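To keep things clear, I will list the structure first and then write my remarks on it.
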Amino acid sequence: MQVSKTNWLFRNDAGFYLILALLLVAISFWLFASDSLVQKMVCLLFSLYFLFLLIKKYSANMQIIVLILLSFSLIAFLNKKTTNFNLNSQSQLTIYPDQLRVKDDFLSGTGHFKGGDILIAGKINDEQKRLLKTGQPILMSQIEGKCEPIEPATNIGEFNYQNYYAAKKIFQRVKFTSMQMSVLRPDLIGKLHQLRYRLQKYFKTMPQLLGFFASELVLGENNAQENQEILNNYRDLGVIHLLSISGLHVGIYVLIISTICYSLKMIDEETFLFCVIILLLGIFLSGGQAGFVRASLTYFLGRVSKYKGLHITQVDLLGLTCIIHLLFVPRLFMAAGALLSYILALGLQLTDSFNGLKQSVLLNLLLTPLLLLFFYQINFLTVLFNMLVVPYFNWVVMPLAFINVLTFGFTKRLAPFFEKILELGEQLIERLSQTKLGLLDFGQINWWQCLLLLIVSIALIIALREKPEWRFNCKKIGLTLTVFYAVFFSMIHFPLRGQVTFIDVGQGDSILITTPFPRRAYIIDTGGKLNFSGKKVTPQINRITIPFLKSQGINSLDGVFVSHQDADHVGDLGPLLEQIKVKKLFMAQGLLKNPSFQKRIDGRIKNTKLVELLAGMQVKEPQITFNVVYPYQAGEGKNEDSLSLLFRLANKNWLFTGDLGQDGESEIMQKMTLNVDYFKLGHHGSKTSSKPEFLQTIHPKKVFISAGRNNRFGHPHQETLTTLANQQIPWVSTQDCGMISWYYGGMKEPEFNCFLKRGKK
């Protein structure tokens with residue numbers, strides 16, 4: 001590697017900044033990423049390795065190494081300490097309307113107090129909504145409600161908002177029941193927030209697609225609910241990065257500003273200063289998105305080094321950018337966006353000597369481990385789709401969006417024409433996405449698999465950069481990488497173990513049952529919520545169950561059993577049928593005649609076989625047989641008609657009775673004798689079930705309760721818990737444990753796992 005020297009504050013041989021940045025990244029992961037001892041040990045080993053390289057190769061720069069390490073350690077230590085918001089009569093919060101969302105009468109967003117930031121949520125009145133519409137900073141006072149920590153994800157595959165907000169140093173949430181608002185006189189920050197709010201309002205007046213792209217490209221935000229299909233289309237094609245504010249936008253801003261300044265005969269220094277001001281404004285407007293900050297910092301440092309006559313390699317420029325970024329945001333790499341942005345930037349440097357197609361292939365190879373860690377799927381044709389979509393985005397979407405932003409306030413005549421062009425383009429992208437060409441539901445790899453794949457991918461790229469005699473090594477590294485992917489894919493899709501998993505869907509039921517290889521997958525109920533508003537809402541299955549299935553590599557179900565009609569059991573059946581192939585749909589006789597149930601499945605049944613069941617019937621599937629123990633006659637799909645199933649796995653009998661009441665349990669006792677090891681407690685642990693005599697008769701070794709936290713029904717009821725205690729039946733609840741899984745098969749003994757690692761055992 002060519003060595004270049006600078007006469008800056010210290011001597012920095014090529015590679016110095018990059019290795020120092022990698023050391024800080026390893027330390028930041030050690031400090032913030034996980035409480036896992038194994039992960040911390042790995043981070044510590046990498047930290048020691050990078051420190052060894054710095055001491056070995058750059059001993060002349062020890063002073064600056066020590067200075068940077070001490071500075072980062074101090075900043076990280078201060079960042080690790082959190083100031084809790086204490087809710088009392090004197091508590092006050094400053095809120096900015098651009099950081100809030102008002103839907104109907106419900107306010108949510110971010111508030112600011114002296115020690116940091118906090119999430120807020122609660123109902124507001126018309127006068128308070130009017131104050132927010134002024135766009136001015138608001139003081140919240142006389143706040144009544146409760147303050148609580150942000151809850152973590154409770155299911156495998158579920159997006160972890162606790163980690164997401166921790167990266168922003170937000171750890172608490174205030175749910176207020178009442179409060180007072182008063183307008184504050186805006187300072188400089190307040191005026192910038194006012195500008196951002198006005199842009200939000202401005203973009204909302206535009207046609208849907210123009211407003212969507214303007215909001216994405218300028219503010220780095222969107223209304224995901226209204227535009228979810230667009231996001232899904234771009235994600236499935238592997239081009240979702242185009243919608244993120246990144247280095248591409250920095251380059252466009254600099255090009256436009258420079259062109260204007262040069263036309264005005266401004267000198268380089270004046271042009272640079274003007275670019276700095278605009279980019280700093282862009283950083284604020286975009287909410288400090290990592291990609292935009294990274295690219296802006298790189299531009300600033302690159303121009304400064306050029307003006308000073310300093311020579312710094314591109315990889316070191318990236319390393320220096322990362323160091324400065326980490327000094328301002330020590331938790332930077334706790335967010336997926338920052339990881340993807342910096343890995344992509346590093347990949348661009350490592351592959352700069354390759355032609356366009358080969359570079360694209362290698363960049364996608366480098367990003368794939370992170371995509372599998374965070375999103376569980378990849379598209380093998382991403383390179384092809386990038387070649388098709390990127391030109392459309394760069395030469396159609398971005399110009400039309402920015403021209404519309406500049407002209408919409410003066411004339412609205414161009415907007416309908418621009419919108420039609422974008423509609424045509426997005427329709428073509430949607431059709432392409434719907435083909436699912438190249439899309440593979442790989443499943444979720446874990447952190448050490450991701451790290452291993454990243455290391456091998458980087459080694460392959462470096463080997464390809466070297467001399468021809470390294471080609472044999474390239475083949476060996478490439479073969480090793482292929483073997484790793486094949487092994488990890490097989491571990492996910494051809495598991496040696498099966499599972500019975502109680503998905504934490506809140507106040508509802510949803511249970512996944514799988515068998516060992518060859519895997520069969522079944523779900524009992526889907527969960528769901530009642531929608532009293534009548535407005536379109538995002539199904540919770542999209543947030544919980546679908547990501548969980550994708551993380552397991554499951555894109556089809558051999559069967560879905562629905563116990564009865566209630567929304568907390570089958571409310572999300574329709575969305576499940578739309579997104580996951582279901583071979584058979586099982587239900588108790590009579591449910592198909594229920595108009596409400598018919599509405600749920602209407603237009604969503606294509607190649608799914610409908611099967612009606614009654615007590616005494618069996619569903620014989622490979623490796624598992626479901627025995628129907630209730631109902632004995634056709635019903636209407638009510639609680640008392642709940643489809644109840646008994647099945648046996650690994651010499652253990654499982655019983656599921658939906659919301660069956662005590663009368664139904666009495667009928668089961670009269671007509672059959674059940675040997676039960678594990679029982680899903682009836683009706684979420686309500687006092688109407690399960691019957692003490694029924695529990696005494698089946699006397700399970702463990703009982704499971706699926707109920708929502710702080711649910712309005714008070715489930716599970718104390719009477720039921722007392723019955724369990726009196727009969728010495730241990731129980732666990734999704735309220736305490738989150739997702740509860742029982743794994744069996746393979747070379748191991750069956751075992752239970754609580755996702756939250758807490759609750760009763």
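Going by the structure tokens order, chains are called A, B, ..., each with residues numbered from 1, while ligands are numbered from 1 in the order shown.
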
Surrounding residues of region 442-459 of chain A excluding itself and chain neighbours under 4 positions, 10 Å, only C-alpha atoms, as a count of residues only | 53

From a DSSP pass on the backbone, collect the residues of region 555-731 of chain A flagged as alpha helix (DSSP H) and hand them back as a compact mmCIF listing (two decimals) with N, CA and C atoms, in the first residue's frame.
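Output (result06.txt):
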```txt
# COMPACT_ATOMS: atom_id res chain seq x y z
N ALA A 567 -61.71 -11.39 17.37
CA ALA A 567 -60.63 -10.67 16.69
C ALA A 567 -59.27 -10.93 17.31
N ASP A 568 -59.22 -11.18 18.63
CA ASP A 568 -57.92 -11.40 19.25
C ASP A 568 -57.34 -12.78 18.92
N HIS A 569 -58.12 -13.57 18.18
CA HIS A 569 -57.63 -14.88 17.74
C HIS A 569 -57.47 -14.95 16.22
N VAL A 570 -58.37 -14.34 15.48
CA VAL A 570 -58.31 -14.45 14.01
C VAL A 570 -58.37 -13.08 13.32
N LEU A 573 -56.05 -12.86 10.38
CA LEU A 573 -56.04 -13.98 9.44
C LEU A 573 -55.96 -13.50 8.00
N GLY A 574 -56.75 -12.47 7.67
CA GLY A 574 -56.73 -11.94 6.31
C GLY A 574 -55.35 -11.48 5.87
N PRO A 575 -54.70 -10.60 6.63
CA PRO A 575 -53.34 -10.18 6.26
C PRO A 575 -52.35 -11.33 6.18
N LEU A 576 -52.51 -12.35 7.03
CA LEU A 576 -51.62 -13.52 6.95
C LEU A 576 -51.82 -14.24 5.63
N LEU A 577 -53.07 -14.46 5.22
CA LEU A 577 -53.35 -15.15 3.96
C LEU A 577 -52.84 -14.36 2.76
N GLU A 578 -52.81 -13.03 2.88
CA GLU A 578 -52.32 -12.19 1.78
C GLU A 578 -50.81 -12.29 1.60
N GLN A 579 -50.10 -12.55 2.69
CA GLN A 579 -48.64 -12.47 2.64
C GLN A 579 -47.92 -13.82 2.71
N PRO A 595 -70.94 -14.70 8.98
CA PRO A 595 -70.69 -13.60 8.03
C PRO A 595 -69.40 -12.83 8.33
N SER A 596 -69.13 -12.63 9.61
CA SER A 596 -67.94 -11.88 9.98
C SER A 596 -66.68 -12.64 9.57
N PHE A 597 -66.68 -13.96 9.76
CA PHE A 597 -65.53 -14.76 9.36
C PHE A 597 -65.40 -14.80 7.84
N GLN A 598 -66.53 -14.91 7.15
CA GLN A 598 -66.50 -14.90 5.69
C GLN A 598 -65.85 -13.63 5.16
N LYS A 599 -66.14 -12.51 5.84
CA LYS A 599 -65.57 -11.23 5.42
C LYS A 599 -64.05 -11.23 5.59
N ARG A 600 -63.57 -11.91 6.62
CA ARG A 600 -62.12 -11.94 6.88
C ARG A 600 -61.36 -12.66 5.76
N ILE A 601 -61.97 -13.70 5.21
CA ILE A 601 -61.24 -14.52 4.23
C ILE A 601 -61.68 -14.24 2.79
N GLN A 662 -65.94 -23.04 30.84
CA GLN A 662 -65.98 -24.18 31.76
C GLN A 662 -67.01 -25.23 31.35
N ASP A 663 -68.10 -24.82 30.70
CA ASP A 663 -69.09 -25.80 30.25
C ASP A 663 -68.48 -26.73 29.20
N GLY A 664 -67.72 -26.15 28.30
CA GLY A 664 -67.06 -26.96 27.29
C GLY A 664 -66.04 -27.91 27.90
N GLU A 665 -65.31 -27.41 28.90
CA GLU A 665 -64.33 -28.27 29.57
C GLU A 665 -65.03 -29.44 30.27
N SER A 666 -66.19 -29.16 30.87
CA SER A 666 -66.95 -30.22 31.55
C SER A 666 -67.39 -31.28 30.55
N GLU A 667 -67.79 -30.84 29.36
CA GLU A 667 -68.22 -31.79 28.33
C GLU A 667 -67.06 -32.66 27.87
N ILE A 668 -65.87 -32.06 27.75
CA ILE A 668 -64.69 -32.85 27.38
C ILE A 668 -64.41 -33.90 28.44
N MET A 669 -64.50 -33.51 29.73
CA MET A 669 -64.23 -34.46 30.81
C MET A 669 -65.21 -35.64 30.80
N GLN A 670 -66.46 -35.34 30.43
CA GLN A 670 -67.49 -36.38 30.43
C GLN A 670 -67.28 -37.38 29.29
N LYS A 671 -66.73 -36.92 28.18
CA LYS A 671 -66.72 -37.76 26.98
C LYS A 671 -65.36 -38.39 26.67
N PRO A 692 -61.43 -25.54 37.82
CA PRO A 692 -60.52 -26.23 38.73
C PRO A 692 -60.56 -27.75 38.58
N GLU A 693 -61.77 -28.30 38.42
CA GLU A 693 -61.90 -29.75 38.27
C GLU A 693 -61.24 -30.23 36.97
N PHE A 694 -61.35 -29.41 35.93
CA PHE A 694 -60.73 -29.77 34.65
C PHE A 694 -59.20 -29.80 34.79
N LEU A 695 -58.67 -28.76 35.45
CA LEU A 695 -57.22 -28.73 35.67
C LEU A 695 -56.77 -29.90 36.53
N GLN A 696 -57.58 -30.23 37.51
CA GLN A 696 -57.23 -31.35 38.40
C GLN A 696 -57.25 -32.67 37.63
N THR A 697 -58.17 -32.77 36.68
CA THR A 697 -58.29 -34.00 35.90
C THR A 697 -57.12 -34.19 34.95
N ILE A 698 -56.78 -33.13 34.20
CA ILE A 698 -55.68 -33.27 33.23
C ILE A 698 -54.32 -33.06 33.90
N GLN A 718 -56.82 -13.34 39.30
CA GLN A 718 -56.18 -13.89 40.49
C GLN A 718 -56.81 -15.22 40.90
N GLU A 719 -58.14 -15.37 40.69
CA GLU A 719 -58.79 -16.63 41.05
C GLU A 719 -58.15 -17.81 40.31
N THR A 720 -57.85 -17.59 39.04
CA THR A 720 -57.25 -18.66 38.23
C THR A 720 -55.83 -18.96 38.70
N LEU A 721 -55.08 -17.91 39.00
CA LEU A 721 -53.71 -18.11 39.48
C LEU A 721 -53.70 -18.82 40.84
N THR A 722 -54.70 -18.50 41.66
CA THR A 722 -54.81 -19.18 42.96
C THR A 722 -55.11 -20.66 42.77
N THR A 723 -55.97 -20.97 41.81
CA THR A 723 -56.28 -22.37 41.51
C THR A 723 -55.02 -23.12 41.08
N LEU A 724 -54.22 -22.48 40.23
CA LEU A 724 -52.97 -23.11 39.78
C LEU A 724 -52.02 -23.33 40.95
N ALA A 725 -51.95 -22.34 41.83
CA ALA A 725 -51.05 -22.45 43.00
C ALA A 725 -51.53 -23.57 43.93
N ASN A 726 -52.83 -23.64 44.15
CA ASN A 726 -53.37 -24.67 45.04
C ASN A 726 -53.12 -26.07 44.50
```

Counting only C-alpha atoms, which residues of region 370-486 of chain A sit at most 12 Å from some atom of region 191-213 of chain A, and what is each one's closest atom pair with its distance in Å to one decimal, listed by chain and rising residue number, as a Markdown table?
```
| residue | atom | partner | partner_atom | distance |
| --- | --- | --- | --- | --- |
| A:Phe393 | CA | A:Phe213 | CA | 10.3 |
| A:Val396 | CA | A:Phe213 | CA | 11.4 |
| A:Val397 | CA | A:Phe213 | CA | 7.7 |
| A:Met398 | CA | A:Phe213 | CA | 7.9 |
| A:Pro399 | CA | A:Phe213 | CA | 10.7 |
| A:Leu400 | CA | A:Leu210 | CA | 8.0 |
| A:Ala401 | CA | A:Leu210 | CA | 5.8 |
| A:Phe402 | CA | A:Phe213 | CA | 9.0 |
| A:Ile403 | CA | A:Leu210 | CA | 10.2 |
| A:Asn404 | CA | A:Leu210 | CA | 7.5 |
| A:Val405 | CA | A:Phe203 | CA | 7.9 |
| A:Leu406 | CA | A:Tyr202 | CA | 11.0 |
| A:Thr407 | CA | A:Met206 | CA | 11.2 |
| A:Phe408 | CA | A:Met206 | CA | 7.8 |
| A:Gly409 | CA | A:Tyr202 | CA | 8.2 |
| A:Thr411 | CA | A:Met206 | CA | 11.6 |
| A:Lys412 | CA | A:Met206 | CA | 8.8 |
| A:Arg413 | CA | A:Met206 | CA | 11.6 |
| A:Leu414 | CA | A:Pro207 | CA | 11.0 |
| A:Ala415 | CA | A:Pro207 | CA | 7.2 |
| A:Pro416 | CA | A:Pro207 | CA | 7.5 |
| A:Phe417 | CA | A:Pro207 | CA | 10.5 |
| A:Phe418 | CA | A:Leu210 | CA | 7.7 |
| A:Glu419 | CA | A:Leu210 | CA | 6.3 |
| A:Lys420 | CA | A:Leu209 | CA | 9.3 |
| A:Ile421 | CA | A:Leu209 | CA | 10.0 |
| A:Leu422 | CA | A:Leu209 | CA | 6.9 |
| A:Glu423 | CA | A:Leu209 | CA | 7.4 |
| A:Leu424 | CA | A:Leu209 | CA | 10.9 |
| A:Gly425 | CA | A:Leu209 | CA | 10.7 |
| A:Glu426 | CA | A:Leu209 | CA | 9.0 |
| A:Gln427 | CA | A:Leu209 | CA | 11.6 |
```

For Lys680 (chain A), which residue among A:Tyr744, A:Tyr58, A:Phe656, A:Phe561 is the nearest when counting only C-alpha atoms?
-> A:Phe656

Residue contacts of Phe502 (chain A) (7 Å, only C-alpha atoms) excluding same-chain residues fewer than 5 positions away, as number ranges by chain | A: 510-512, 739-741

Choose the residue, out of A:His683, A:His249, A:Lys358, A:Arg497, that has the smallest atom-to-atom separation from Phe704 (chain A); count only C-alpha atoms.
->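 Residue with the minimum atom-to-atom distance to Phe704 (chain A): A:His683.
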
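Separating CA of Gly738 (chain A) from CA of Phe171 (chain A) is a distance of 19.5 Å.
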
Using DSSP on the backbone, list every residue of region 91-159 of chain A that comes out as strand (DSSP E), and give them as a VMD selection string.
-> chain A and resid 93 to 103 106 to 113 116 to 123 138 to 149

For Ile143 (chain A), which residue out of A:Arg543, A:Arg303, A:Lys175, A:Lys168 is the nearest one, using only C-alpha atoms?
->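 Checking each candidate against Ile143 (chain A), we get A:Lys175 as the closest.
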